[in-house]
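S.K.: Below is one structure. I have some questions about it.
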Amino acid sequence: MRLFDTHAHYDSGAFNADRLEVLASMPEQGVELILNPGCDLDSSRTAVELAERFPYVYAAVGVHPSDCGPWEDSWPEELRALAAHPKVRAIGEIGLDYYWKDNPAHDFQQKVFHAQLALAEELKLPVIVHDREAHHDCLEIVRAHPNVTGVYHCYSGSLEDAKTLVKLGWMLSFTGVVTYKNARRSLEVIDWLPLDRVMIETDSPYLTPEPFRGQRNDSRKVYRVAETIAQVKGITLEEAARITLENGMKFFGIEERPL
Ligand code: NI
């Protein structure tokens with residue numbers, strides 16, 4: 001079985017002690033591909049460096065809503081330069097996060113989100129969207145950029161919004177959160193979602209699936225998300241792994257399997 005973890009933050013400080021060993025071990029653990037999104041300029045640079053080092057790691061570059069406080073109008077230029085690297089396959093992660101009270105102001109987050117969607121359109125790249133407790137505004141801004149599509153990572157919205165996004169051509173991606181007790185709404189979305197629109201991810205080092213909660217997350221645990229997809233859809237784990245891997249490759253424009 002070969003899996004694609006479409007969203008993992010190996011630039012995170014949580015991997016400072018063993019980042020390269022963990023990444024080097026992935027092929028023998030059944031993880032064939034990893035996409036590492038950036039959260040600010042530094043982490044985007046690191047994502048590109050990791051993608052240069054490992055043939056099975058790809059990168060996205062972008063500024064996360066929680067990290068957008070220092071955003072300046074010159075940053076799209078920096079992101080454009082990073083995105084010129086052939087292994088950068090998306091702008092992300094970008095979006096809105098109204099959960100943390102000390103995050104940058106909502107209107108500032110929206111401005112930065114708009115600017116990065118415009119950049120994605122210019123560069124003809126898909127986007128990776130983070131939407132936490134901002135479903136209404138996030139969808140409104142996405143709809144204001146009809147030439148951009150992407151993936152809602154760690155999808156937490158309603159079934160109704162999922163239907164809208166699929167109609168607009170978007171993908172939805174799921175994390176280990178689907179293994180938690182309170183995942184009923186996500187499972188309803190997965191049950192409805194066409195199989196060609198689903199991707200899986202860990203969001204490592206965060207969101208560790210059951211029964212590993214409390215441990216640091218890494219891409220080896222993405223199979224738990226594939227298992228949940230398989231259960232809900234009534235397919236085998238191998239089919240869920242293959243379909244989500246193919247979806248991810250198509251979405252990120254990866255033509256050759258590295259392993
Ligand atoms: Ni993330």
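Residues in the structure tokens are numbered from 1 in each chain, the chains being A, B, ... in the order shown, and ligands are numbered from 1 in the order shown.
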Could you pull out all residues of stretch 162-222 of chain A with a DSSP call of strand (DSSP E or B) and give them as a PyMOL selection string?
M.R.: chain A and resi 171-174+198-200+204+213+215
S.K.: Dump as JSON lines the rows for residues of stretch 147-197 of chain A within 10 Å of stretch 242-258 of chain A: closest atom pair and distance in Å with one decimal, only C-alpha atoms counted, ordered by chain and rising residue number.
M.R.:
```
{"residue": "A:Thr149", "atom": "CA", "partner": "A:Phe251", "partner_atom": "CA", "distance": 9.8}
{"residue": "A:Gly150", "atom": "CA", "partner": "A:Phe251", "partner_atom": "CA", "distance": 8.1}
{"residue": "A:Val151", "atom": "CA", "partner": "A:Phe251", "partner_atom": "CA", "distance": 8.7}
{"residue": "A:Trp170", "atom": "CA", "partner": "A:Phe251", "partner_atom": "CA", "distance": 9.8}
{"residue": "A:Met171", "atom": "CA", "partner": "A:Phe251", "partner_atom": "CA", "distance": 8.4}
{"residue": "A:Ser173", "atom": "CA", "partner": "A:Thr244", "partner_atom": "CA", "distance": 9.5}
{"residue": "A:Leu195", "atom": "CA", "partner": "A:Ile243", "partner_atom": "CA", "distance": 7.5}
{"residue": "A:Asp196", "atom": "CA", "partner": "A:Asn247", "partner_atom": "CA", "distance": 6.3}
{"residue": "A:Arg197", "atom": "CA", "partner": "A:Asn247", "partner_atom": "CA", "distance": 7.1}
```
S.K.: Could you give me, as a list in words, the residues within 9 Å of stretch 129-146 of chain A, counting only C-alpha atoms and dropping anything in the same chain fewer than 5 positions from it?
M.R.: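 The contact residues come out as His64, Pro65, Ile91, Gly92, Glu93, Ile94, Gly95, Leu96, Asp97, Tyr98, Tyr99, Gln110, Phe113, His114, Leu117, Ala118, Glu121, Val151, Tyr152, His153, Cys154, Tyr155, Ser156, Gly157, Ser158, Asp161, Leu165 and Leu168 of chain A.
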S.K.: Go ahead and dump the residues you just picked, N, CA, C and O atoms, as a compact mmCIF listing (two decimals), in the first residue's frame.
M.R.:
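Final file, again-v3.txt:
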```txt
# COMPACT_ATOMS: atom_id res chain seq x y z
N HIS A 64 0.00 31.63 6.29
CA HIS A 64 -1.15 31.15 7.07
C HIS A 64 -1.83 32.34 7.75
O HIS A 64 -1.15 33.27 8.18
N PRO A 65 -3.17 32.31 7.88
CA PRO A 65 -3.85 33.45 8.51
C PRO A 65 -3.33 33.77 9.92
O PRO A 65 -3.26 34.94 10.29
N ILE A 91 -0.23 27.28 -3.79
CA ILE A 91 -0.08 28.38 -2.86
C ILE A 91 -0.83 27.97 -1.58
O ILE A 91 -2.03 27.67 -1.61
N GLY A 92 -0.11 27.90 -0.47
CA GLY A 92 -0.76 27.47 0.77
C GLY A 92 0.24 27.29 1.90
O GLY A 92 1.44 27.22 1.64
N GLU A 93 -0.21 27.26 3.18
CA GLU A 93 -1.63 27.30 3.36
C GLU A 93 -2.09 28.70 3.68
O GLU A 93 -1.43 29.42 4.43
N ILE A 94 -3.24 29.04 3.10
CA ILE A 94 -3.77 30.39 3.19
C ILE A 94 -5.24 30.29 3.62
O ILE A 94 -5.82 29.21 3.55
N GLY A 95 -5.80 31.39 4.08
CA GLY A 95 -7.20 31.32 4.45
C GLY A 95 -7.55 32.24 5.60
O GLY A 95 -6.98 33.35 5.72
N LEU A 96 -8.49 31.79 6.43
CA LEU A 96 -9.00 32.58 7.54
C LEU A 96 -9.05 31.72 8.79
O LEU A 96 -9.46 30.55 8.72
N ASP A 97 -8.67 32.30 9.92
CA ASP A 97 -8.75 31.60 11.19
C ASP A 97 -9.29 32.54 12.25
O ASP A 97 -8.58 33.42 12.74
N TYR A 98 -10.58 32.38 12.56
CA TYR A 98 -11.24 33.25 13.55
C TYR A 98 -11.28 32.58 14.93
O TYR A 98 -11.91 33.09 15.84
N TYR A 99 -10.64 31.42 15.04
CA TYR A 99 -10.71 30.68 16.30
C TYR A 99 -9.85 31.32 17.38
O TYR A 99 -10.31 31.55 18.50
N GLN A 110 -8.46 38.79 5.73
CA GLN A 110 -9.18 38.73 4.45
C GLN A 110 -8.37 39.37 3.33
O GLN A 110 -8.30 38.86 2.21
N PHE A 113 -5.60 37.01 2.37
CA PHE A 113 -6.20 35.86 1.66
C PHE A 113 -6.49 36.25 0.20
O PHE A 113 -6.10 35.54 -0.74
N HIS A 114 -7.15 37.40 0.02
CA HIS A 114 -7.43 37.90 -1.33
C HIS A 114 -6.14 38.01 -2.14
O HIS A 114 -6.08 37.59 -3.31
N LEU A 117 -4.85 34.59 -3.20
CA LEU A 117 -5.69 33.98 -4.24
C LEU A 117 -5.39 34.64 -5.59
O LEU A 117 -5.34 33.96 -6.62
N ALA A 118 -5.19 35.94 -5.57
CA ALA A 118 -4.84 36.64 -6.82
C ALA A 118 -3.50 36.14 -7.35
O ALA A 118 -3.33 35.95 -8.56
N GLU A 121 -3.95 32.77 -8.96
CA GLU A 121 -4.56 32.91 -10.29
C GLU A 121 -3.50 33.30 -11.31
O GLU A 121 -3.42 32.72 -12.40
N VAL A 151 -7.99 23.09 -2.55
CA VAL A 151 -8.46 22.10 -1.59
C VAL A 151 -8.72 22.82 -0.27
O VAL A 151 -7.96 23.68 0.14
N TYR A 152 -9.84 22.47 0.35
CA TYR A 152 -10.08 22.85 1.73
C TYR A 152 -9.41 21.79 2.59
O TYR A 152 -9.84 20.64 2.59
N HIS A 153 -8.35 22.18 3.30
CA HIS A 153 -7.65 21.19 4.11
C HIS A 153 -8.34 21.04 5.46
O HIS A 153 -8.96 21.98 5.95
N CYS A 154 -8.28 19.83 6.02
CA CYS A 154 -8.93 19.52 7.30
C CYS A 154 -10.37 20.04 7.28
O CYS A 154 -10.78 20.81 8.14
N TYR A 155 -11.14 19.59 6.29
CA TYR A 155 -12.47 20.15 6.08
C TYR A 155 -13.34 20.02 7.33
O TYR A 155 -13.50 18.93 7.88
N SER A 156 -13.93 21.14 7.75
CA SER A 156 -14.74 21.14 8.97
C SER A 156 -16.08 21.83 8.75
O SER A 156 -16.80 22.12 9.70
N GLY A 157 -16.41 22.11 7.48
CA GLY A 157 -17.64 22.83 7.19
C GLY A 157 -18.84 21.90 7.09
O GLY A 157 -18.77 20.70 7.39
N SER A 158 -19.95 22.47 6.65
CA SER A 158 -21.20 21.73 6.56
C SER A 158 -21.27 20.91 5.27
O SER A 158 -20.47 21.12 4.34
N ASP A 161 -22.10 23.39 2.42
CA ASP A 161 -20.92 24.08 1.88
C ASP A 161 -20.06 23.13 1.05
O ASP A 161 -19.48 23.53 0.03
N LEU A 165 -18.77 23.70 -2.75
CA LEU A 165 -17.36 23.66 -3.14
C LEU A 165 -17.11 22.65 -4.25
O LEU A 165 -16.35 22.92 -5.19
N LEU A 168 -18.06 24.01 -7.45
CA LEU A 168 -17.08 25.00 -7.92
C LEU A 168 -15.77 24.35 -8.36
O LEU A 168 -14.84 25.05 -8.77
```
S.K.: Name the residues of stretch 177-248 of chain A that fall into helix (DSSP H, G or I) according to DSSP on the backbone, using the chain letters and numbers of this document, as a VMD selection string.
M.R.: chain A and resid 177 to 179 184 to 192 195 to 197 219 to 233 237 to 248
S.K.: How would you write, as a ChimeraX atom specification, the set of residues no farther than 7 Å from ligand 1 when counting only C-alpha atoms and all ligand atoms?
M.R.: /A:7-9,93,203
S.K.: Take the selection from the previous step and output its residues with N, CA and C atoms, as an mmCIF file, in the first residue's frame.
M.R.:
```
data_model
loop_
_atom_site.group_PDB
_atom_site.id
_atom_site.type_symbol
_atom_site.label_atom_id
_atom_site.label_comp_id
_atom_site.auth_asym_id
_atom_site.auth_seq_id
_atom_site.Cartn_x
_atom_site.Cartn_y
_atom_site.Cartn_z
ATOM 1 N N HIS A 7 -0.635 16.973 3.258
ATOM 2 C CA HIS A 7 -0.481 18.192 4.076
ATOM 3 C C HIS A 7 0.269 17.837 5.363
ATOM 4 N N ALA A 8 1.561 18.134 5.399
ATOM 5 C CA ALA A 8 2.353 17.856 6.607
ATOM 6 C C ALA A 8 3.412 18.931 6.749
ATOM 7 N N HIS A 9 3.616 19.389 7.993
ATOM 8 C CA HIS A 9 4.527 20.522 8.257
ATOM 9 C C HIS A 9 5.849 20.020 8.830
ATOM 10 N N GLU A 93 -0.212 27.263 3.183
ATOM 11 C CA GLU A 93 -1.627 27.298 3.358
ATOM 12 C C GLU A 93 -2.086 28.698 3.677
ATOM 13 N N ASP A 203 -1.646 16.752 8.591
ATOM 14 C CA ASP A 203 -1.385 18.042 9.230
ATOM 15 C C ASP A 203 -0.329 17.879 10.331
#
```
S.K.: Nearest to A:Glu160 among A:Ile229, A:Ala183, A:Val189, A:Ala47, with distances taken over only C-alpha atoms: which residue is it?
M.R.: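 For A:Glu160, the nearest of the candidates is A:Val189.
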S.K.: Which residues are close to A:Arg224, i.e. within 7 Å by only C-alpha atoms, leaving aside same-chain residues fewer than 3 positions away? Reply as number ranges by chain.
M.R.: A: 176, 209, 221, 227-228
S.K.: Restricting the calculation to only C-alpha atoms, which member of A:Ser74, A:Pro37, A:Lys111, A:Glu32 is positioned closest to A:Pro55?
M.R.: A:Glu32
S.K.: Using only C-alpha atoms, which protein or nucleic acid residues come within 12 Å of A:Ala14? Drop anything in the same chain fewer than 2 positions from it, and give the result as a PyMOL selection string.
M.R.: chain A and resi 8-12+16-19+22+204-206+215-218
S.K.: Restricted to all heavy atoms, what would the selected residues look like written as a CSV table (one decimal), in the first residue's frame?
M.R.:
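The resulting file, again-v5.csv, is reproduced below:
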```csv
chain,number,residue,atom,x,y,z
A,8,ALA,N,1.6,18.1,5.4
A,8,ALA,CA,2.4,17.9,6.6
A,8,ALA,C,3.4,18.9,6.7
A,8,ALA,O,4.1,19.3,5.8
A,8,ALA,CB,3.0,16.5,6.5
A,9,HIS,N,3.6,19.4,8.0
A,9,HIS,CA,4.5,20.5,8.3
A,9,HIS,C,5.8,20.0,8.8
A,9,HIS,O,6.1,20.1,10.0
A,9,HIS,CB,3.9,21.5,9.2
A,9,HIS,CG,2.6,22.1,8.7
A,9,HIS,ND1,2.6,23.2,7.9
A,9,HIS,CD2,1.3,21.8,9.0
A,9,HIS,CE1,1.3,23.5,7.6
A,9,HIS,NE2,0.5,22.7,8.3
A,10,TYR,N,6.7,19.5,8.0
A,10,TYR,CA,8.0,19.0,8.4
A,10,TYR,C,9.0,20.2,8.7
A,10,TYR,O,10.1,20.0,9.3
A,10,TYR,CB,8.6,18.0,7.5
A,10,TYR,CG,7.9,16.7,7.6
A,10,TYR,CD1,7.0,16.3,6.7
A,10,TYR,CD2,8.1,15.9,8.7
A,10,TYR,CE1,6.3,15.1,6.8
A,10,TYR,CE2,7.4,14.7,8.9
A,10,TYR,CZ,6.5,14.3,7.9
A,10,TYR,OH,5.8,13.1,8.1
A,11,ASP,N,8.6,21.4,8.3
A,11,ASP,CA,9.4,22.6,8.7
A,11,ASP,C,9.2,22.9,10.2
A,11,ASP,O,9.9,23.7,10.7
A,11,ASP,CB,9.1,23.7,7.8
A,11,ASP,CG,7.6,24.0,7.9
A,11,ASP,OD1,6.8,23.4,7.1
A,11,ASP,OD2,7.2,24.9,8.7
A,12,SER,N,8.2,22.3,10.8
A,12,SER,CA,7.8,22.7,12.2
A,12,SER,C,9.0,22.4,13.1
A,12,SER,O,9.7,21.4,13.0
A,12,SER,CB,6.6,21.9,12.6
A,12,SER,OG,6.5,21.8,14.0
A,16,ASN,N,12.6,19.3,14.8
A,16,ASN,CA,14.0,19.8,14.8
A,16,ASN,C,15.0,18.7,15.2
A,16,ASN,O,16.1,18.7,14.6
A,16,ASN,CB,14.2,21.0,15.8
A,16,ASN,CG,13.7,22.3,15.2
A,16,ASN,OD1,13.4,22.3,14.0
A,16,ASN,ND2,13.7,23.3,16.0
A,17,ALA,N,14.6,17.8,16.0
A,17,ALA,CA,15.6,16.8,16.5
A,17,ALA,C,15.8,15.6,15.5
A,17,ALA,O,16.9,15.0,15.4
A,17,ALA,CB,15.2,16.2,17.8
A,18,ASP,N,14.8,15.4,14.6
A,18,ASP,CA,14.9,14.2,13.7
A,18,ASP,C,14.3,14.4,12.4
A,18,ASP,O,13.9,13.4,11.7
A,18,ASP,CB,14.3,13.0,14.5
A,18,ASP,CG,12.9,13.2,14.9
A,18,ASP,OD1,12.3,14.4,14.6
A,18,ASP,OD2,12.2,12.3,15.4
A,19,ARG,N,14.1,15.6,11.9
A,19,ARG,CA,13.4,15.9,10.7
A,19,ARG,C,13.9,15.0,9.5
A,19,ARG,O,13.1,14.4,8.8
A,19,ARG,CB,13.6,17.4,10.3
A,19,ARG,CG,13.0,17.8,9.0
A,19,ARG,CD,13.2,19.3,8.9
A,19,ARG,NE,12.5,20.0,9.9
A,19,ARG,CZ,13.0,20.7,10.9
A,19,ARG,NH1,14.3,20.8,11.0
A,19,ARG,NH2,12.3,21.3,11.8
A,22,VAL,N,13.2,11.2,9.9
A,22,VAL,CA,11.8,10.9,9.8
A,22,VAL,C,11.4,10.9,8.3
A,22,VAL,O,10.8,9.9,7.8
A,22,VAL,CB,10.9,11.8,10.6
A,22,VAL,CG1,9.4,11.6,10.3
A,22,VAL,CG2,11.1,11.7,12.1
A,204,SER,N,0.6,17.0,10.1
A,204,SER,CA,1.7,16.7,11.1
A,204,SER,C,2.4,18.1,11.3
A,204,SER,O,2.6,18.8,10.4
A,204,SER,CB,2.7,15.8,10.5
A,204,SER,OG,2.1,14.5,10.4
A,205,PRO,N,2.9,18.3,12.6
A,205,PRO,CA,2.9,17.4,13.7
A,205,PRO,C,1.6,17.4,14.6
A,205,PRO,O,1.5,16.9,15.6
A,205,PRO,CB,4.0,18.0,14.6
A,205,PRO,CG,3.9,19.5,14.3
A,205,PRO,CD,3.5,19.6,12.8
A,206,TYR,N,0.5,18.1,14.0
A,206,TYR,CA,-0.7,18.2,14.8
A,206,TYR,C,-1.7,17.1,14.4
A,206,TYR,O,-1.5,16.3,13.5
A,206,TYR,CB,-1.4,19.6,14.4
A,206,TYR,CG,-0.4,20.7,14.4
A,206,TYR,CD1,0.0,21.3,13.2
A,206,TYR,CD2,0.2,21.2,15.6
A,206,TYR,CE1,1.0,22.3,13.2
A,206,TYR,CE2,1.2,22.2,15.5
A,206,TYR,CZ,1.5,22.8,14.3
A,206,TYR,OH,2.5,23.8,14.3
A,215,GLN,N,0.7,11.6,21.0
A,215,GLN,CA,2.0,11.5,20.3
A,215,GLN,C,2.1,12.6,19.3
A,215,GLN,O,1.1,13.1,18.8
A,215,GLN,CB,2.2,10.2,19.6
A,215,GLN,CG,2.1,9.0,20.5
A,215,GLN,CD,2.1,7.7,19.7
A,215,GLN,OE1,2.6,7.7,18.6
A,215,GLN,NE2,1.6,6.6,20.3
A,216,ARG,N,3.4,12.9,18.9
A,216,ARG,CA,3.6,13.8,17.7
A,216,ARG,C,3.1,13.0,16.5
A,216,ARG,O,3.3,11.8,16.3
A,216,ARG,CB,5.1,14.0,17.6
A,216,ARG,CG,5.4,15.0,16.4
A,216,ARG,CD,6.9,15.1,16.3
A,216,ARG,NE,7.6,13.9,15.8
A,216,ARG,CZ,8.9,13.8,15.6
A,216,ARG,NH1,9.7,14.8,15.8
A,216,ARG,NH2,9.4,12.6,15.1
A,217,ASN,N,2.4,13.7,15.6
A,217,ASN,CA,1.9,13.1,14.4
A,217,ASN,C,3.0,13.1,13.3
A,217,ASN,O,3.8,14.0,13.2
A,217,ASN,CB,0.7,13.9,13.9
A,217,ASN,CG,-0.2,13.0,13.0
A,217,ASN,OD1,0.0,11.8,12.8
A,217,ASN,ND2,-1.2,13.6,12.5
A,218,ASP,N,3.0,12.1,12.4
A,218,ASP,CA,3.8,12.1,11.2
A,218,ASP,C,3.1,11.3,10.1
A,218,ASP,O,2.1,10.7,10.4
A,218,ASP,CB,5.3,11.7,11.5
A,218,ASP,CG,5.4,10.2,11.8
A,218,ASP,OD1,4.9,9.4,10.9
A,218,ASP,OD2,6.0,9.9,12.8
```
S.K.: Rounded to one decimal, what separation in Å do you get between atom CA of A:Asp67 and atom CA of A:Met199?
M.R.: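 Calculated distance between atom CA of A:Asp67 and atom CA of A:Met199 is 24.8 Å.
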S.K.: Kindly indicate which residue among A:Pro70, A:Pro76, A:Gly13, A:Pro104 lies nearest to A:Leu123, using only C-alpha atoms for the distances.
M.R.: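 The closest residue to A:Leu123 is A:Pro76.
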